[in-house]
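K.L.:
upload-v4.cif is reproduced below (mmCIF, N, CA and C atoms).
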data_final
loop_
_atom_site.label_atom_id
_atom_site.label_comp_id
_atom_site.auth_asym_id
_atom_site.auth_seq_id
_atom_site.Cartn_x
_atom_site.Cartn_y
_atom_site.Cartn_z
N MET D 1 110.69 128.08 131.25
CA MET D 1 110.19 127.56 129.99
C MET D 1 110.25 126.03 130.03
N GLU D 2 109.14 125.38 129.60
CA GLU D 2 109.08 123.92 129.60
C GLU D 2 109.85 123.35 128.43
N SER D 3 110.52 122.24 128.67
CA SER D 3 111.19 121.58 127.56
C SER D 3 110.24 120.54 126.97
N SER D 4 110.28 120.39 125.66
CA SER D 4 109.40 119.43 125.01
C SER D 4 109.92 118.02 125.24
N PRO D 5 109.02 117.04 125.25
CA PRO D 5 109.47 115.67 125.48
C PRO D 5 110.40 115.21 124.37
N GLN D 6 111.36 114.40 124.75
CA GLN D 6 112.33 113.93 123.78
C GLN D 6 111.89 112.64 123.11
N SER D 7 110.92 111.94 123.69
CA SER D 7 110.51 110.65 123.17
C SER D 7 109.00 110.47 123.27
N TRP D 8 108.50 109.50 122.49
CA TRP D 8 107.08 109.15 122.50
C TRP D 8 106.96 107.65 122.66
N LYS D 9 106.14 107.20 123.63
CA LYS D 9 105.99 105.78 123.92
C LYS D 9 104.63 105.28 123.46
N CYS D 10 104.64 104.16 122.74
CA CYS D 10 103.40 103.53 122.29
C CYS D 10 102.75 102.85 123.50
N THR D 11 101.49 103.18 123.75
CA THR D 11 100.80 102.59 124.89
C THR D 11 100.32 101.17 124.61
N ILE D 12 100.44 100.73 123.37
CA ILE D 12 100.02 99.38 123.02
C ILE D 12 101.16 98.38 123.23
N CYS D 13 102.34 98.67 122.64
CA CYS D 13 103.43 97.69 122.68
C CYS D 13 104.66 98.13 123.46
N GLY D 14 104.78 99.41 123.79
CA GLY D 14 105.92 99.88 124.56
C GLY D 14 107.07 100.43 123.75
N PHE D 15 106.96 100.45 122.42
CA PHE D 15 108.01 101.02 121.56
C PHE D 15 108.19 102.49 121.90
N VAL D 16 109.43 102.97 121.94
CA VAL D 16 109.71 104.38 122.24
C VAL D 16 110.42 105.00 121.03
N ASP D 17 109.81 106.06 120.48
CA ASP D 17 110.35 106.78 119.32
C ASP D 17 110.98 108.08 119.79
N GLY D 18 112.11 108.44 119.20
CA GLY D 18 112.83 109.63 119.63
C GLY D 18 112.54 110.88 118.83
N GLY D 19 111.47 110.92 118.07
CA GLY D 19 111.16 112.09 117.26
C GLY D 19 110.57 113.23 118.05
N GLU D 20 110.48 114.40 117.42
CA GLU D 20 109.90 115.57 118.06
C GLU D 20 108.39 115.44 118.21
N ALA D 21 107.79 114.63 117.34
CA ALA D 21 106.35 114.36 117.38
C ALA D 21 106.16 112.85 117.26
N PRO D 22 105.03 112.34 117.73
CA PRO D 22 104.82 110.89 117.61
C PRO D 22 104.73 110.49 116.13
N PRO D 23 105.19 109.28 115.80
CA PRO D 23 105.08 108.85 114.41
C PRO D 23 103.61 108.63 114.04
N ALA D 24 103.29 108.67 112.75
CA ALA D 24 101.91 108.47 112.31
C ALA D 24 101.40 107.09 112.71
N HIS D 25 102.28 106.10 112.64
CA HIS D 25 101.95 104.73 113.04
C HIS D 25 103.15 104.11 113.73
N CYS D 26 102.90 103.29 114.73
CA CYS D 26 103.97 102.60 115.43
C CYS D 26 104.61 101.58 114.48
N PRO D 27 105.94 101.60 114.34
CA PRO D 27 106.60 100.64 113.45
C PRO D 27 106.56 99.21 113.97
N GLU D 28 106.24 99.02 115.23
CA GLU D 28 106.19 97.67 115.80
C GLU D 28 104.80 97.06 115.73
N CYS D 29 103.77 97.81 116.15
CA CYS D 29 102.43 97.22 116.22
C CYS D 29 101.41 97.89 115.32
N GLY D 30 101.76 99.03 114.72
CA GLY D 30 100.85 99.70 113.80
C GLY D 30 99.86 100.64 114.46
N ALA D 31 99.99 100.88 115.76
CA ALA D 31 99.06 101.77 116.47
C ALA D 31 99.16 103.19 115.90
N ARG D 32 98.05 103.92 115.93
CA ARG D 32 98.02 105.30 115.43
C ARG D 32 98.73 106.25 116.37
N ASP D 33 99.03 107.43 115.89
CA ASP D 33 99.76 108.43 116.67
C ASP D 33 99.06 108.81 117.96
N ALA D 34 97.74 108.70 118.01
CA ALA D 34 96.99 109.04 119.22
C ALA D 34 97.29 108.08 120.38
N MET D 35 97.89 106.95 120.08
CA MET D 35 98.20 105.95 121.10
C MET D 35 99.58 106.16 121.72
N PHE D 36 100.27 107.25 121.36
CA PHE D 36 101.58 107.56 121.92
C PHE D 36 101.45 108.58 123.03
N VAL D 37 102.27 108.43 124.07
CA VAL D 37 102.32 109.40 125.17
C VAL D 37 103.75 109.90 125.30
N ALA D 38 103.90 111.14 125.75
CA ALA D 38 105.23 111.73 125.95
C ALA D 38 105.95 111.00 127.07
N THR D 39 107.25 110.80 126.90
CA THR D 39 108.05 110.11 127.92
C THR D 39 109.48 110.66 127.90
N SER D 40 110.17 110.44 129.00
CA SER D 40 111.58 110.83 129.06
C SER D 40 112.49 109.63 128.82
N GLU D 41 111.90 108.45 128.52
CA GLU D 41 112.70 107.25 128.24
C GLU D 41 113.53 107.44 126.97
N PRO D 42 114.70 106.85 126.93
CA PRO D 42 115.47 106.89 125.69
C PRO D 42 114.79 106.03 124.62
N PRO D 43 114.92 106.39 123.35
CA PRO D 43 114.30 105.59 122.28
C PRO D 43 114.79 104.14 122.32
N HIS D 44 113.84 103.21 122.14
CA HIS D 44 114.19 101.79 122.08
C HIS D 44 113.06 101.01 121.43
N GLY D 45 113.40 99.86 120.93
CA GLY D 45 112.41 98.96 120.36
C GLY D 45 111.78 98.12 121.46
N ILE D 46 111.13 97.05 121.07
CA ILE D 46 110.54 96.14 122.04
C ILE D 46 111.14 94.76 121.85
N ALA D 47 110.98 93.94 122.85
CA ALA D 47 111.48 92.57 122.75
C ALA D 47 110.77 91.84 121.61
N HIS D 48 111.41 90.83 121.08
CA HIS D 48 110.84 90.08 119.96
C HIS D 48 109.45 89.56 120.33
N ASN D 49 108.50 89.76 119.44
CA ASN D 49 107.13 89.32 119.65
C ASN D 49 106.81 88.25 118.61
N PRO D 50 106.71 86.98 118.99
CA PRO D 50 106.46 85.93 118.00
C PRO D 50 105.09 86.02 117.35
N ILE D 51 104.16 86.76 117.97
CA ILE D 51 102.84 86.90 117.38
C ILE D 51 102.88 87.83 116.17
N GLN D 52 103.77 88.80 116.17
CA GLN D 52 103.92 89.71 115.04
C GLN D 52 105.34 89.60 114.51
N PRO D 53 105.59 88.62 113.63
CA PRO D 53 106.96 88.41 113.15
C PRO D 53 107.44 89.56 112.28
N HIS D 54 108.70 89.92 112.47
CA HIS D 54 109.32 90.95 111.65
C HIS D 54 110.43 90.38 110.79
N ASP D 55 110.68 89.10 110.94
CA ASP D 55 111.73 88.43 110.20
C ASP D 55 111.08 87.34 109.36
N GLU D 56 111.40 87.30 108.08
CA GLU D 56 110.76 86.31 107.20
C GLU D 56 110.99 84.88 107.67
N ARG D 57 112.05 84.63 108.43
CA ARG D 57 112.29 83.28 108.94
C ARG D 57 111.30 82.91 110.03
N ASP D 58 110.65 83.91 110.66
CA ASP D 58 109.67 83.64 111.70
C ASP D 58 108.28 83.36 111.14
N GLN D 59 108.11 83.60 109.86
CA GLN D 59 106.80 83.45 109.25
C GLN D 59 106.64 82.06 108.66
N SER D 60 105.55 81.41 108.98
CA SER D 60 105.28 80.11 108.39
C SER D 60 104.37 80.32 107.19
N SER D 61 104.56 79.52 106.17
CA SER D 61 103.74 79.68 104.98
C SER D 61 102.79 78.50 104.85
N PHE D 62 101.59 78.82 104.47
CA PHE D 62 100.60 77.79 104.17
C PHE D 62 99.60 78.41 103.22
N ILE D 63 98.93 77.57 102.46
CA ILE D 63 97.98 78.03 101.45
C ILE D 63 96.58 77.82 101.98
N VAL D 64 95.77 78.86 101.89
CA VAL D 64 94.39 78.77 102.32
C VAL D 64 93.52 79.03 101.10
N GLY D 65 92.56 78.18 100.90
CA GLY D 65 91.65 78.37 99.78
C GLY D 65 90.96 77.07 99.42
N PRO D 66 90.09 77.11 98.44
CA PRO D 66 89.37 75.91 98.03
C PRO D 66 90.31 74.80 97.62
N GLY D 67 90.09 73.61 98.17
CA GLY D 67 90.90 72.45 97.80
C GLY D 67 92.25 72.40 98.48
N GLN D 68 92.56 73.35 99.32
CA GLN D 68 93.84 73.37 100.02
C GLN D 68 93.64 72.96 101.47
N GLY D 69 94.46 72.08 101.95
CA GLY D 69 94.40 71.70 103.36
C GLY D 69 93.29 70.74 103.71
N CYS D 70 92.75 70.06 102.73
CA CYS D 70 91.71 69.08 103.02
C CYS D 70 92.29 67.87 103.75
N ILE D 71 91.55 67.32 104.66
CA ILE D 71 92.01 66.15 105.40
C ILE D 71 91.92 64.91 104.53
N GLU D 72 90.84 64.76 103.80
CA GLU D 72 90.64 63.59 102.94
C GLU D 72 90.94 63.97 101.50
N PRO D 73 91.64 63.12 100.77
CA PRO D 73 91.88 63.40 99.34
C PRO D 73 90.58 63.30 98.55
N ASP D 74 90.51 64.02 97.45
CA ASP D 74 89.32 63.98 96.58
C ASP D 74 89.20 62.67 95.86
#
What's the structure tokens form of this structure?

P.N.:
Amino acid sequence: MESSPQSWKCTICGFVDGGEAPPAHCPECGARDAMFVATSEPPHGIAHNPIQPHDERDQSSFIVGPGQGCIEPD
């Protein structure tokens, strides 16, 4: 009898989930469940990705819109 995989790996970012089925969306990159493959790796997160901040301290704030960020004053 085959044993079911213990983990699911996201093929986009490498996150490994330890559930019986792949999650609906990857908690790291947001990939859909179809992007997960069965693996025997132990569950683990991924290294910090500065492109997708998960910590509010990593996020820079700026305002985008009419009249914001103009080079020359009105």

K.L.:
Kindly resolve the PyMOL selection byres ((chain D and resi 19) around 6.5) on the present coordinates and return the residues as a PyMOL selection string.

P.N.:
chain D and resi 6-8+17-18+20-22

K.L.:
Please enumerate the residues selected by the PyMOL selection byres ((chain D and resi 28) around 8) when evaluated against the supplied file, formatted as a ChimeraX atom specification.

P.N.:
/D:13,15,25-27,29-31,45-46,52

K.L.:
Keeping only N, CA and C atoms, write the selected residues to a file as an mmCIF file, in the coordinates of the input.

P.N.:
data_model
loop_
_atom_site.group_PDB
_atom_site.id
_atom_site.type_symbol
_atom_site.label_atom_id
_atom_site.label_comp_id
_atom_site.auth_asym_id
_atom_site.auth_seq_id
_atom_site.Cartn_x
_atom_site.Cartn_y
_atom_site.Cartn_z
ATOM 1 N N CYS D 13 102.340 98.670 122.640
ATOM 2 C CA CYS D 13 103.430 97.690 122.680
ATOM 3 C C CYS D 13 104.660 98.130 123.460
ATOM 4 N N PHE D 15 106.960 100.450 122.420
ATOM 5 C CA PHE D 15 108.010 101.020 121.560
ATOM 6 C C PHE D 15 108.190 102.490 121.900
ATOM 7 N N HIS D 25 102.280 106.100 112.640
ATOM 8 C CA HIS D 25 101.950 104.730 113.040
ATOM 9 C C HIS D 25 103.150 104.110 113.730
ATOM 10 N N CYS D 26 102.900 103.290 114.730
ATOM 11 C CA CYS D 26 103.970 102.600 115.430
ATOM 12 C C CYS D 26 104.610 101.580 114.480
ATOM 13 N N PRO D 27 105.940 101.600 114.340
ATOM 14 C CA PRO D 27 106.600 100.640 113.450
ATOM 15 C C PRO D 27 106.560 99.210 113.970
ATOM 16 N N CYS D 29 103.770 97.810 116.150
ATOM 17 C CA CYS D 29 102.430 97.220 116.220
ATOM 18 C C CYS D 29 101.410 97.890 115.320
ATOM 19 N N GLY D 30 101.760 99.030 114.720
ATOM 20 C CA GLY D 30 100.850 99.700 113.800
ATOM 21 C C GLY D 30 99.860 100.640 114.460
ATOM 22 N N ALA D 31 99.990 100.880 115.760
ATOM 23 C CA ALA D 31 99.060 101.770 116.470
ATOM 24 C C ALA D 31 99.160 103.190 115.900
ATOM 25 N N GLY D 45 113.400 99.860 120.930
ATOM 26 C CA GLY D 45 112.410 98.960 120.360
ATOM 27 C C GLY D 45 111.780 98.120 121.460
ATOM 28 N N ILE D 46 111.130 97.050 121.070
ATOM 29 C CA ILE D 46 110.540 96.140 122.040
ATOM 30 C C ILE D 46 111.140 94.760 121.850
ATOM 31 N N GLN D 52 103.770 88.800 116.170
ATOM 32 C CA GLN D 52 103.920 89.710 115.040
ATOM 33 C C GLN D 52 105.340 89.600 114.510
#

K.L.:
The PyMOL selection byres ((chain D and resi 37) around 6) on the file shown: which residues, as a list of chain:residue names?

P.N.:
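Taken on the displayed file, the PyMOL selection byres ((chain D and resi 37) around 6) yields the residues D:Ser7, D:Trp8, D:Lys9, D:Cys10, D:Thr11, D:Met35, D:Phe36, D:Ala38, D:Thr39.
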
K.L.:
Report, in Å to a single decimal, how far apart atom C of Ala24 in chain D and CA of Ile12 in chain D are.

P.N.:
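According to the coordinates, CA of Ile12 in chain D and atom C of Ala24 in chain D are separated by 12.9 Å.
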
K.L.:
Among range 13-51 of chain D, which ones does DSSP place in strand (DSSP E), written as a PyMOL selection string?

P.N.:
chain D and resi 16-17+36-39
